[in-house]
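A quick write-up on the structure given underneath.
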Amino acid sequence: MAPDPTNGAIADALEELGDLYELDGAIVHRVVAYRTGARAVRDAPVSVAELARSGRATELPGIGRTLQEKIVALAQTGSIPAAEKLRTRIPSGLIQLTRLPGLGPKRARLLHSELGVDSLQSLREAAEAHRLRAVKGLGPKFEETVLDALQRPVEEMERAAARTLLPRALELAETLAGALAERVPDAQVIPAGSLRRQADSVKDIDLVAVTDAPEQLAAAFAELPEIEQASGSTAGARGRTHSGIAVDLRIAAPGQLGNLLQHFTGSGAHNAALREAAVRRGLHVSEYGILDDATGETEHLVSEQEVYARLGLAYIEPELRENRGELQAAVLDAKGRSQLPKLIELADIRGDLHSHTTASDGRASIEEMAQAARDRGYEYLAITDHSASHGFGNAVSPEQLRRQIELVRAANEKVEGIEILAGSEVNILPDGSLDYEDELLAELDWVIASVHTAFAMERSDMTERIVKAIEHPLLDAIGHPTGRKIEQRRPYAVDLEAVFAAAARVGTMLEINGNPDRRDLSDVDARAAVQAGVMLVVDSDAHRPATLANVRWGIATARRGWVRAQDVANSRPLDELRALRKQARK
DNA sequence: GCCGTTTTCGGCCCGACTGTTTTCAGTCG
């Protein structure tokens with residue numbers, strides 16, 4: 001039997017089917033239903049193919065009976081009959097057409113029926129022969145836009161599609177906001193959009209500003225040294241940085257910051273769902289205010305708290321605004337309470353359980369790392385250098401680890417105000433064993449294990465490998481459990497449901513690694529892990545004192561995953577953390 | 001195609017911008 005399609009593959013298939021229906025002239029709501037469904041599948045933390053087979057995929061918001069049937073067909077036969085049928089009628093090149101700016105499904109359909117255009121190549125030929133302008137509803141300007149888009153080099157298209165990791169984008173946004181506030185002293189400039197939601201990566205930088213001098217602010221934006229090209233008005237300005245990131249600045253009068261910030265924080269899916277629910281209550285939400293059908297009046301609100309309150313909702317933290325159930329959870333009951341979690345905060349973290357020194361590939365000594373951790377206000381720090389088989393010239397032999405344990409004990413005497421734990425980040429070998437003897441592992445205060453080799457294993461083998469490690473009695477936690485690198489490397493194939501079940505059963509913790517390239521577990525995975533009963537740890541994986549601060553990206557991911565402080569072991573004092581170790585629980 | 005503290009049928013977020021238009025359709029975020 002063929003393996004189940006991944007959630008990603010199912011989502012791709014539903015999106016393609018949506019595109020096909022759209023080009024076939026289906027009503028927009030049907031098309032939107034496919035795209036909403038695709039998103040729900042992509043975000044789902046469990047195997048949707050399995051869910052659909054047991055008739056439970058309809059529990060996902062946006063998946064009904066029809067989509068479930070199509071998912072089952074995809075899992076059983078490898079394709080969806082409706083898509084097969086549509087493909088005979090709609091040339092695949094038409095979908096490519098809709099990716100061009102200013103060219104959507106309606107125009108692609110029009111070009112196909114009027115001119116027989118069915119690919120980027122035939123579109124180019126038609127445009128060059130000036131046949132586009134002859135079509136009713138199109139004109140020379142449109143023809144020019146099309147030729148322009150087709151002539152743009154591939155690299156530029158790719159650059160425009162590229163996403164920037166959160167830390168870099170946030171730093172840039174803060175630089176721009178600071179420079180603007182300096183030039184227009186009364187202006188308040190706030191990063192919004194996916195930046196404010198602390199997403200893994202962002203497509204562009206959204207800034208929201210409040211000022212009484214909008215013209216001055218828009219002009220100042222265009223003058224910024226970081227901005228390469230800009231256009232603007234009193235409502236805002238757009239530009240592009242020299243590094244190629246699009247920047248959007250929106251300017252509001254002080255009285256409506258709440259509405260504007262809520263709108264531009266998004267996500268698009270959150271806002272669409274929020275507004276649909278509001279319409280049922282006779283309220284119409286936009287970036288300018290809330291229009292009440294009953295009075296015909298539009299209210300302008302200064303704060304987001306007021307916006308959510310006006311809609312009968314508890315305040316929703318930006319990290320939760322992805323339309324993953326937060327709107328339902330925010331509904332206030334008769335006593336004014338909601339089902340939203342109290343999210344973990346950076347200040348809840350009492351220690352770091354994953355850090356490196358010069359003993360392996362780190363850049364600082366045990367003492368330097370410990371002092372930096374203490375200066376962050378931590379109660380404890382685990383030194384977890386790589387293990388015997390790590391390779392890259394920085395493996396730690398068993399003898400070296402014994403010596404390292406002594407060095408940690410000695411450093412603990414020297415450095416006041418923090419407890420240093422002797423640990424290791426051991427490799428999970430392809431057969432699921434760890435690469436130190438149990439006798440040595442038993443001497444350590446903290447053992448974290450990670451996959452660093454043989455990423456390309458079969459899903460079932462990788463699952464078996466990691467579950468075996470989880471079941472090791474001396475192991476405390478699994479580091480960066482999926483191996484993903486944001487925008488670079490997909491997670492290795494593994495059955496996370498089985499991993500979570502095993503971890504919950506034996507009491508092995510799972511990490512949210514705070515390295516901004518990793519943030520692994522991801523937000524949706526972390527949420528599913530907690531739901532399965534897993535205890536998490538949030539670590540920096542620091543290789544030098546400064547990168548201890550990377551724990552903030554782990555906290556961002558945890559918050560996006562609905563994680564509370566009580567779900568995270570290193571939010572607890574050291575004695576409580578020790579009591580959570582498997583060894584202590586026996 | 002999905003969904004329901006006004007509905008199992010009849011709705012389905014909101015506004016800006018562009019280019020083509022004599023009042024608006026299509027696209028985008």
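Labels for the structure tokens follow display order: chains A, B, ..., residues from 1 in each chain, ligands from 1.
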Original post:
Near Lys70 in chain A, counting only C-alpha atoms (C1' of nucleotides), which residues have an atom at most 10 Å away, once you skip same-chain residues fewer than 5 positions from it, shown as a ChimeraX atom specification?
Top reply: /A:10,13-14,52,65,75-76,79-83
So which residues touch range 10-18 of chain B within 8 Å, counting only C-alpha atoms (C1' of nucleotides), skipping near sequence neighbours fewer than 5 positions away, as a ChimeraX atom specification? /A:29,271-273,275-276,285-286
With only C-alpha atoms (C1' of nucleotides) counted and 9 Å as the cut-off, give the residues of chain B in contact with chain A, each with its shortest interatomic distance in Å and the pair that gives it, as JSON lines.
{"residue": "B:DG1", "atom": "C1'", "partner": "A:Arg30", "partner_atom": "CA", "distance": 4.8}
{"residue": "B:DC2", "atom": "C1'", "partner": "A:Gly62", "partner_atom": "CA", "distance": 6.3}
{"residue": "B:DC3", "atom": "C1'", "partner": "A:Gly62", "partner_atom": "CA", "distance": 8.8}
{"residue": "B:DT6", "atom": "C1'", "partner": "A:Arg280", "partner_atom": "CA", "distance": 8.7}
{"residue": "B:DC12", "atom": "C1'", "partner": "A:His29", "partner_atom": "CA", "distance": 6.7}
{"residue": "B:DC13", "atom": "C1'", "partner": "A:Ala272", "partner_atom": "CA", "distance": 5.1}
{"residue": "B:DC14", "atom": "C1'", "partner": "A:Ser286", "partner_atom": "CA", "distance": 5.9}
{"residue": "B:DG15", "atom": "C1'", "partner": "A:Ser286", "partner_atom": "CA", "distance": 7.8}
{"residue": "B:DT18", "atom": "C1'", "partner": "A:Gly102", "partner_atom": "CA", "distance": 8.8}
{"residue": "B:DG19", "atom": "C1'", "partner": "A:Lys141", "partner_atom": "CA", "distance": 7.2}
{"residue": "B:DT20", "atom": "C1'", "partner": "A:Gly137", "partner_atom": "CA", "distance": 6.2}
{"residue": "B:DT21", "atom": "C1'", "partner": "A:Gly137", "partner_atom": "CA", "distance": 8.5}
{"residue": "B:DA25", "atom": "C1'", "partner": "A:Gly137", "partner_atom": "CA", "distance": 8.8}
{"residue": "B:DG26", "atom": "C1'", "partner": "A:Lys106", "partner_atom": "CA", "distance": 7.3}
{"residue": "B:DT27", "atom": "C1'", "partner": "A:Gly102", "partner_atom": "CA", "distance": 5.8}
{"residue": "B:DC28", "atom": "C1'", "partner": "A:Gly102", "partner_atom": "CA", "distance": 8.3}
{"residue": "B:DG29", "atom": "C1'", "partner": "A:Gly268", "partner_atom": "CA", "distance": 7.9}
Write down as a short mmCIF file (atom, residue, chain, number, x, y, z; two decimals) with C-alpha atoms, in the first residue's frame the residues belonging to range 221-395 of chain A that are assigned alpha helix (DSSP H) by DSSP computed on the backbone.
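So the final result, stored in states_30.cif, reads:
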data_model
loop_
_atom_site.label_atom_id
_atom_site.label_comp_id
_atom_site.auth_asym_id
_atom_site.auth_seq_id
_atom_site.Cartn_x
_atom_site.Cartn_y
_atom_site.Cartn_z
CA PHE A 221 9.93 57.77 5.15
CA ALA A 222 10.96 58.42 1.54
CA GLU A 223 14.12 60.14 2.79
CA LEU A 257 -4.98 53.48 16.32
CA GLY A 258 -6.91 50.50 17.74
CA ASN A 259 -8.74 49.84 14.49
CA LEU A 260 -5.70 50.37 12.30
CA LEU A 261 -3.33 48.26 14.38
CA GLN A 262 -5.88 45.44 14.63
CA HIS A 263 -6.36 45.46 10.87
CA PHE A 264 -2.68 45.58 9.94
CA THR A 265 -1.62 42.99 12.49
CA GLY A 268 -5.77 37.99 6.84
CA ALA A 269 -7.51 34.77 7.84
CA HIS A 270 -8.04 36.02 11.41
CA ASN A 271 -9.53 39.29 10.18
CA ALA A 272 -11.80 37.64 7.63
CA ALA A 273 -13.19 35.25 10.26
CA LEU A 274 -13.47 38.04 12.83
CA ARG A 275 -15.44 40.18 10.41
CA GLU A 276 -17.74 37.37 9.34
CA ALA A 277 -18.62 36.72 12.97
CA ALA A 278 -19.12 40.47 13.53
CA VAL A 279 -21.52 40.74 10.59
CA ARG A 280 -23.78 38.18 12.28
CA GLU A 304 -7.12 46.97 20.22
CA GLN A 305 -8.52 45.96 23.61
CA GLU A 306 -11.55 48.13 22.85
CA VAL A 307 -11.92 46.63 19.37
CA TYR A 308 -12.08 43.07 20.70
CA ALA A 309 -14.28 44.11 23.63
CA ARG A 310 -16.75 45.81 21.28
CA GLU A 326 -8.62 31.78 18.88
CA LEU A 327 -11.85 33.57 17.91
CA GLN A 328 -14.03 30.79 19.31
CA ALA A 329 -11.87 30.63 22.45
CA ALA A 330 -12.07 34.40 22.95
CA ILE A 366 31.80 27.19 30.84
CA GLU A 367 32.33 30.14 33.18
CA GLU A 368 31.62 32.75 30.52
CA MET A 369 28.39 31.02 29.56
CA ALA A 370 27.36 30.65 33.19
CA GLN A 371 28.03 34.29 33.98
CA ALA A 372 26.01 35.39 30.96
CA ALA A 373 23.14 33.12 32.00
CA ARG A 374 23.27 34.50 35.54
CA ASP A 375 23.23 38.05 34.15
#
Item checked: Selection: 8 Å around range 388-404 of chain A, only C-alpha atoms (C1' of nucleotides), excl. self and same-chain fewer than 5 positions, as an NGL selection string -> :A and (359-361 or 422 or 426-427 or 435-436 or 440 or 452)
Note to self: Run DSSP on the backbone and tell me which residues of range 145-353 of chain A come out as strand (DSSP E or B); list them as a PyMOL selection string.
What the structure shows: chain A and resi 164-165+188-191+201-202+204-210+227-232+236-241+246-252+283-285+290-292+297-299+313+331+343+351-352
Could those residues be written to a file, using C-alpha atoms, as a compact mmCIF listing (two decimals), in the first residue's frame?
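File written: part-v5.txt
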# COMPACT_ATOMS: atom_id res chain seq x y z
CA THR A 164 13.08 37.02 5.57
CA LEU A 165 13.64 35.37 8.96
CA GLN A 188 4.46 56.73 17.23
CA VAL A 189 5.57 53.93 14.88
CA ILE A 190 4.71 50.30 15.62
CA PRO A 191 5.72 47.16 13.69
CA SER A 201 9.57 34.53 8.58
CA VAL A 202 7.96 37.51 6.88
CA ASP A 204 7.29 42.27 3.98
CA ILE A 205 7.52 44.79 6.79
CA ASP A 206 4.28 46.44 7.93
CA LEU A 207 4.55 49.58 10.03
CA VAL A 208 1.60 51.39 11.60
CA ALA A 209 2.04 55.01 12.66
CA VAL A 210 0.01 57.60 14.53
CA ILE A 227 14.78 52.98 1.70
CA GLU A 228 15.70 52.59 -1.95
CA GLN A 229 12.48 53.67 -3.61
CA ALA A 230 9.25 54.97 -2.17
CA SER A 231 5.88 56.43 -3.01
CA GLY A 232 3.49 57.95 -0.52
CA GLY A 236 0.83 56.08 4.18
CA ALA A 237 3.85 55.18 2.11
CA ARG A 238 5.34 52.15 0.44
CA GLY A 239 8.92 51.42 -0.29
CA ARG A 240 11.63 48.86 -0.68
CA THR A 241 14.84 48.54 1.26
CA ALA A 246 9.00 45.64 0.77
CA VAL A 247 7.97 48.08 3.50
CA ASP A 248 4.44 49.35 4.01
CA LEU A 249 3.82 52.32 6.30
CA ARG A 250 0.21 53.17 7.22
CA ILE A 251 -0.61 56.41 8.95
CA ALA A 252 -3.67 56.97 11.17
CA LEU A 283 -21.27 45.01 13.08
CA HIS A 284 -18.92 45.82 10.21
CA VAL A 285 -15.22 45.95 11.06
CA ILE A 290 -16.71 49.53 13.55
CA LEU A 291 -20.00 50.36 11.83
CA ASP A 292 -23.08 49.40 13.84
CA GLU A 297 -22.73 55.10 13.39
CA THR A 298 -19.06 54.18 12.96
CA GLU A 299 -17.07 53.95 16.18
CA LEU A 313 -14.32 39.02 22.74
CA VAL A 331 -15.87 34.51 23.20
CA LEU A 343 0.54 32.44 27.32
CA GLY A 351 17.06 28.48 33.15
CA ASP A 352 18.43 27.22 29.83
- Leaving out Leu97 in chain A and any residue of its chain fewer than 2 positions from it, which residues lie within 10 Å of it when counting only C-alpha atoms (C1' of nucleotides), given as a ChimeraX atom specification? /A:92-95,99-105,107-109,111,117-121,123,146
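Separating CA of Thr88 in chain A from CA of Glu128 in chain A is a distance of 28.1 Å.
CA of Ala502 in chain A to CA of Ile486 in chain A spans 25.8 Å [interatomic distance, one decimal].
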(request) Using only C-alpha atoms (C1' of nucleotides), determine which residues lie at most 8 Å from range 544-547 of chain A, disregarding the query and same-chain residues fewer than 2 positions distant; provide the list as a count of residues only. (result) 14
Need the shell around Pro491 in chain A: protein/DNA/RNA residues with any atom at most 9 Å away, counting only C-alpha atoms (C1' of nucleotides). Skip same-chain ones fewer than 2 positions apart. Format as JSON, numbers by chain? {"A": [455, 481, 482, 483, 484, 485, 489, 493, 494]}
